[in-house]
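Quick look at data21.cif (mmCIF, C-alpha atoms):
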data_work
#
loop_
_atom_site.label_atom_id
_atom_site.label_comp_id
_atom_site.auth_asym_id
_atom_site.auth_seq_id
_atom_site.Cartn_x
_atom_site.Cartn_y
_atom_site.Cartn_z
CA MET A 55 -26.96 26.20 -34.15
CA THR A 56 -26.95 29.92 -33.52
CA GLU A 57 -24.07 32.01 -34.85
CA LYS A 58 -22.52 32.10 -31.37
CA GLU A 59 -22.80 28.33 -31.01
CA ALA A 60 -21.37 27.74 -34.47
CA ARG A 61 -18.36 29.90 -33.62
CA ALA A 62 -17.82 28.00 -30.36
CA ALA A 63 -18.09 24.68 -32.21
CA ALA A 64 -15.58 25.84 -34.82
CA ILE A 65 -13.12 26.80 -32.08
CA LEU A 66 -13.50 23.39 -30.44
CA ARG A 67 -13.05 21.58 -33.75
CA GLY A 68 -9.97 23.71 -34.37
CA TYR A 69 -8.39 22.26 -31.25
CA GLY A 70 -8.31 18.83 -32.96
CA ASP A 71 -9.04 15.50 -31.24
CA ARG A 72 -12.72 15.59 -32.21
CA ALA A 73 -13.76 12.77 -29.84
CA TYR A 74 -12.40 14.76 -26.91
CA TYR A 75 -14.69 17.74 -27.48
CA GLU A 76 -17.70 15.93 -28.97
CA GLU A 77 -19.84 16.24 -25.84
CA MET A 78 -19.47 20.02 -25.96
CA VAL A 79 -20.23 20.26 -29.68
CA ASP A 80 -23.14 17.85 -29.35
CA THR A 81 -24.62 19.82 -26.45
CA MET A 82 -24.79 22.86 -28.71
CA ALA A 83 -26.11 20.82 -31.64
CA ARG A 84 -28.97 19.64 -29.42
CA GLY A 85 -29.80 23.21 -28.42
CA GLN A 86 -29.08 22.53 -24.75
CA ALA A 87 -26.12 24.85 -24.16
CA ASP A 88 -25.68 28.41 -22.97
CA VAL A 89 -22.42 29.69 -24.49
CA MET A 90 -20.92 31.69 -21.65
CA GLU A 91 -17.57 32.33 -23.35
CA ALA A 92 -16.10 31.44 -26.74
CA GLY A 93 -12.62 32.68 -27.61
CA GLU A 94 -9.61 31.09 -29.24
CA LEU A 95 -8.08 30.38 -25.81
CA GLY A 96 -11.15 28.91 -24.22
CA VAL A 97 -14.80 27.86 -24.50
CA LEU A 98 -17.23 27.73 -21.58
CA LEU A 99 -20.70 26.18 -21.83
CA ARG A 100 -23.49 25.62 -19.36
CA HIS A 101 -25.73 22.63 -19.96
CA ARG A 102 -29.17 23.97 -19.11
CA ARG A 103 -30.91 20.72 -18.12
CA ALA A 104 -28.00 19.08 -16.34
CA GLY A 105 -26.88 22.30 -14.66
CA LEU A 106 -23.22 21.50 -15.33
CA TYR A 107 -20.39 23.54 -16.80
CA MET A 108 -18.12 22.37 -19.64
CA LEU A 109 -14.78 24.06 -20.21
CA ALA A 110 -12.07 23.61 -22.83
CA GLY A 111 -8.97 25.37 -24.05
CA ASP A 112 -5.70 26.79 -22.77
CA PRO A 113 -4.97 25.55 -19.21
CA ALA A 114 -4.51 29.04 -17.76
CA ARG A 115 -7.67 30.29 -19.44
CA MET A 116 -9.65 27.27 -18.28
CA THR A 117 -8.51 27.78 -14.72
CA ASP A 118 -9.55 31.44 -14.85
CA MET A 119 -12.96 30.57 -16.31
CA ALA A 120 -13.50 27.83 -13.72
CA MET A 121 -12.63 30.04 -10.77
CA ARG A 122 -15.21 32.61 -11.89
CA LEU A 123 -18.09 30.13 -12.07
CA PRO A 124 -21.00 30.54 -9.66
CA HIS A 125 -21.00 28.22 -6.65
CA ASP A 126 -24.40 26.77 -7.53
CA GLY A 127 -23.65 23.06 -7.15
CA GLY A 128 -23.24 22.36 -10.84
CA ALA A 129 -20.61 19.83 -11.86
CA ILE A 130 -17.56 21.19 -13.71
CA VAL A 131 -16.19 19.22 -16.67
CA LEU A 132 -12.66 20.12 -17.80
CA HIS A 133 -11.18 19.37 -21.22
CA GLY A 134 -7.52 20.17 -21.73
CA ALA A 135 -4.04 19.44 -20.44
CA ILE A 136 -4.76 21.33 -17.25
CA GLY A 137 -2.75 19.14 -14.87
CA ILE A 138 -3.89 17.37 -11.73
CA GLN A 139 -2.69 20.18 -9.41
CA LYS A 140 -4.98 22.72 -11.08
CA VAL A 141 -7.83 20.19 -11.14
CA ARG A 142 -7.39 19.72 -7.39
CA ALA A 143 -7.25 23.49 -6.80
CA ILE A 144 -10.56 23.98 -8.64
CA ARG A 145 -12.18 21.11 -6.73
CA GLU A 146 -11.05 22.54 -3.39
CA ALA A 147 -12.14 26.07 -4.31
CA PHE A 148 -15.70 24.81 -4.84
CA GLY A 149 -15.65 22.40 -1.91
CA TYR A 150 -16.46 19.46 -4.15
CA GLY A 151 -15.61 15.94 -3.07
CA ARG A 152 -14.60 14.31 -6.34
CA ALA A 153 -12.44 14.98 -9.40
CA VAL A 154 -12.75 11.90 -11.59
CA PRO A 155 -10.78 11.35 -14.82
CA TYR A 156 -12.58 9.88 -17.82
CA VAL A 157 -11.64 8.74 -21.32
CA ASN A 158 -13.94 10.21 -23.97
CA TYR A 159 -15.19 8.21 -26.96
CA ALA A 160 -17.28 9.16 -29.98
CA TYR A 161 -18.63 7.26 -32.99
CA TYR A 162 -18.10 8.57 -36.51
CA GLY A 163 -18.64 5.37 -38.49
CA GLU A 164 -21.44 3.97 -40.62
CA LEU A 165 -24.93 3.51 -39.24
CA PRO A 166 -24.88 0.12 -37.49
CA PRO A 167 -27.38 -2.45 -38.74
CA GLU A 168 -30.40 -3.42 -36.72
CA ALA A 169 -29.62 -6.03 -34.09
CA ASP A 170 -30.40 -9.28 -35.90
CA GLY A 171 -32.51 -11.58 -33.75
CA ALA A 172 -32.25 -9.39 -30.65
CA ASP A 173 -35.38 -8.30 -28.80
CA ILE A 174 -34.61 -4.64 -28.03
CA ARG A 175 -37.38 -2.55 -26.51
CA ARG A 176 -37.77 0.96 -25.16
CA LEU A 177 -38.28 0.89 -21.40
CA ASP A 178 -41.12 2.72 -19.66
CA GLU A 179 -42.17 3.74 -16.17
CA THR A 180 -43.02 0.14 -15.24
CA HIS A 181 -39.28 -0.64 -15.39
CA VAL A 182 -38.03 2.09 -13.02
CA ASP A 183 -37.98 -0.12 -9.92
CA PHE A 184 -36.08 -2.81 -11.82
CA LEU A 185 -33.51 -0.29 -13.03
CA TYR A 186 -33.06 1.14 -9.54
CA ALA A 187 -32.69 -2.29 -7.98
CA ASN A 188 -29.99 -3.33 -10.43
CA TYR A 189 -28.05 -0.18 -11.34
CA GLY A 190 -26.04 1.07 -8.41
CA HIS A 191 -24.69 4.36 -9.75
CA ALA A 192 -27.78 6.60 -9.88
CA ASP A 193 -30.73 7.41 -7.66
CA ARG A 194 -34.29 6.44 -8.45
CA ALA A 195 -35.39 9.97 -9.42
CA TYR A 196 -32.59 10.26 -11.96
CA LEU A 197 -33.44 6.88 -13.52
CA ALA A 198 -37.13 7.78 -13.61
CA GLY A 199 -36.21 10.96 -15.47
CA ARG A 200 -34.19 9.06 -18.03
CA VAL A 201 -37.10 6.69 -18.60
CA ALA A 202 -39.53 9.61 -18.93
CA ASP A 203 -37.27 11.12 -21.58
CA GLY A 204 -37.40 7.86 -23.57
CA ALA A 205 -33.66 7.44 -23.04
CA MET A 206 -33.59 3.81 -21.83
CA ILE A 207 -33.74 0.59 -23.86
CA GLY A 208 -33.50 -3.02 -22.79
CA ALA A 209 -32.63 -6.41 -24.27
CA TYR A 210 -35.02 -9.27 -23.61
CA VAL A 211 -34.09 -12.95 -23.64
CA ASP A 212 -36.93 -15.49 -23.48
CA GLY A 213 -39.23 -12.75 -22.22
CA ALA A 214 -36.93 -11.63 -19.40
CA LEU A 215 -35.19 -8.25 -19.23
CA ALA A 216 -31.55 -9.32 -19.51
CA GLY A 217 -29.82 -5.94 -19.70
CA PHE A 218 -30.30 -2.26 -20.36
CA ILE A 219 -28.53 0.88 -21.55
CA GLY A 220 -29.45 4.52 -21.83
CA GLU A 221 -28.43 8.10 -22.33
CA HIS A 222 -27.43 10.41 -19.51
CA ILE A 223 -29.09 13.80 -19.16
CA GLU A 224 -26.18 15.57 -20.86
CA GLY A 225 -26.37 13.24 -23.88
CA SER A 226 -23.65 10.67 -23.25
CA MET A 227 -24.34 6.97 -23.61
CA GLY A 228 -24.18 5.04 -20.37
CA LEU A 229 -26.24 3.30 -17.67
CA LEU A 230 -25.23 -0.04 -19.18
CA HIS A 231 -25.96 -3.09 -17.06
CA ILE A 232 -26.21 -6.78 -17.92
CA MET A 233 -27.90 -9.14 -15.49
CA PRO A 234 -25.44 -11.72 -14.12
CA ALA A 235 -27.18 -14.72 -15.72
CA TYR A 236 -26.79 -13.19 -19.19
CA ARG A 237 -23.19 -12.00 -19.09
CA ARG A 238 -20.60 -13.28 -21.57
CA HIS A 239 -23.30 -13.48 -24.26
CA HIS A 240 -22.27 -10.24 -26.04
CA LEU A 241 -25.38 -8.41 -24.82
CA GLY A 242 -23.34 -5.35 -23.88
CA PHE A 243 -22.09 -5.09 -27.46
CA THR A 244 -25.61 -5.62 -28.83
CA LEU A 245 -27.18 -3.03 -26.56
CA GLU A 246 -24.58 -0.33 -27.13
CA ARG A 247 -24.62 -0.87 -30.89
CA ALA A 248 -28.42 -0.53 -30.80
CA ASN A 249 -28.03 2.69 -28.80
CA ILE A 250 -25.47 4.03 -31.28
CA ARG A 251 -27.93 3.34 -34.10
CA ARG A 252 -30.78 4.97 -32.16
CA THR A 253 -28.69 8.08 -31.46
CA MET A 254 -27.62 8.43 -35.09
CA LEU A 255 -31.18 8.05 -36.37
CA ARG A 256 -32.11 11.01 -34.16
CA GLY A 257 -29.41 13.06 -35.89
CA HIS A 258 -26.82 13.08 -33.10
CA THR A 259 -23.25 11.84 -32.71
CA PRO A 260 -22.97 8.99 -30.19
CA PHE A 261 -20.43 9.64 -27.45
CA CYS A 262 -19.59 8.42 -23.97
CA GLN A 263 -17.14 8.79 -21.10
CA VAL A 264 -15.50 5.77 -19.51
CA ALA A 265 -13.65 5.60 -16.20
CA VAL A 266 -9.91 5.20 -16.76
CA ASP A 267 -9.77 1.92 -14.83
CA ASN A 268 -12.80 0.34 -16.54
CA ALA A 269 -10.84 -1.92 -18.88
CA ALA A 270 -13.88 -3.96 -19.94
CA SER A 271 -15.84 -0.90 -21.08
CA ARG A 272 -12.83 0.61 -22.84
CA SER A 273 -12.36 -2.66 -24.74
CA LEU A 274 -16.06 -2.62 -25.66
CA GLN A 275 -15.79 0.91 -27.09
CA ARG A 276 -12.88 -0.13 -29.30
CA ARG A 277 -14.74 -3.20 -30.57
CA LEU A 278 -17.70 -0.99 -31.46
CA GLY A 279 -15.48 1.31 -33.52
CA MET A 280 -15.68 4.24 -31.12
CA GLU A 281 -12.89 6.79 -31.55
CA GLU A 282 -10.85 7.30 -28.36
CA ALA A 283 -9.81 10.79 -27.27
CA GLY A 284 -6.13 11.40 -26.70
CA SER A 285 -6.51 13.22 -23.37
CA LEU A 286 -8.49 12.77 -20.19
CA SER A 287 -11.43 14.90 -19.14
CA TYR A 288 -12.16 15.57 -15.46
CA TRP A 289 -15.56 15.67 -13.80
CA ILE A 290 -15.45 17.77 -10.62
CA THR A 291 -18.57 17.10 -8.58
CA ASN A 292 -20.16 16.06 -5.31
CA ASP A 293 -22.35 13.49 -7.06
CA SER A 294 -21.63 9.77 -6.71
CA MET A 295 -21.81 9.34 -10.52
#
As structure tokens - that is how I would like this structure written.
Amino acid sequence: MTEKEARAAAILRGYGDRAYYEEMVDTMARGQADVMEAGELGVLLRHRRAGLYMLAGDPARMTDMAMRLPHDGGAIVLHGAIGIQKVRAIREAFGYGRAVPYVNYAYYGELPPEADGADIRRLDETHVDFLYANYGHADRAYLAGRVADGAMIGAYVDGALAGFIGEHIEGSMGLLHIMPAYRRHHLGFTLERANIRRTMLRGHTPFCQVAVDNAASRSLQRRLGMEEAGSLSYWITNDSM
């Protein structure tokens, strides 16, 4: 990290609740962040590839930073006890259609073992149509980009692709899908554990965001030993996510 990034990371760590701010720290650790502001009351980052803005800190300071952002279509991710009224005000100011709360998780445990007996493979461009046909929360271009970045892996059972998982453009784990015929066989656990291992071997901290009402995924994160953040983050965007 640069000196500016290291200072921003230290401020975020000083806020406590490390899982809550891990995506911001990790973005800087990967060299993908522009630090737009870093003071004790607030930190503002821009993720260069994803074109989104990440904010944390004092609610009043966060609101001020958010309102001064350019109206360039980038999603705005808020970390802090900002309150739903201020979240709504920011969303309306930018004309965005959605403000979605998420629970943040991060993994700080031991390196998971290799998946014993599981056939886990990296997916390539020949799988893009399959991913698009079966994953309903992203467009084909986005999925093709994740494949091109080497961010997608799949689990095979008897030669058939039974499920897949990946890494979103901003670094969070996600894109998990198990084909109906292979559900209730612990493939979700196997795939995410393999992705945690893969992320750690690349020198990064695994993290993800889970929708508040996704009880199955939240249970999976706990079983995997992921640390749960104590507060919600909000994604303000026009994307379907």
Picked residues, the PyMOL selection byres ((chain A and resi 61-72) around 7), as a ChimeraX atom specification
/A:57-60,73-76,79,92,94,97,283-284
Give me, please, the distance in Å between CA of Ala195 in chain A and CA of Arg176 in chain A, quoted to one decimal.
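CA of Ala195 in chain A sits 18.3 Å away from CA of Arg176 in chain A.
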Would you list the contacts of Leu177 in chain A as a PyMOL selection string, taking every protein, DNA or RNA residue within 10 Å and counting all atoms listed in the file, but skipping same-chain residues closer than 6 positions in sequence?
chain A and resi 185+200-202+204-209+215+218-220
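Among A:Val182, A:Ala172, A:Ala235, A:Ile223, the residue with the shortest atom-to-atom distance to Gln86 in chain A, counting all atoms listed in the file, is A:Ile223.
For the residues A:Met227, A:Ala198, A:Ala192, A:Ile232, ranking by smallest atom-to-atom distance to Glu77 in chain A using only C-alpha atoms places A:Met227 first.
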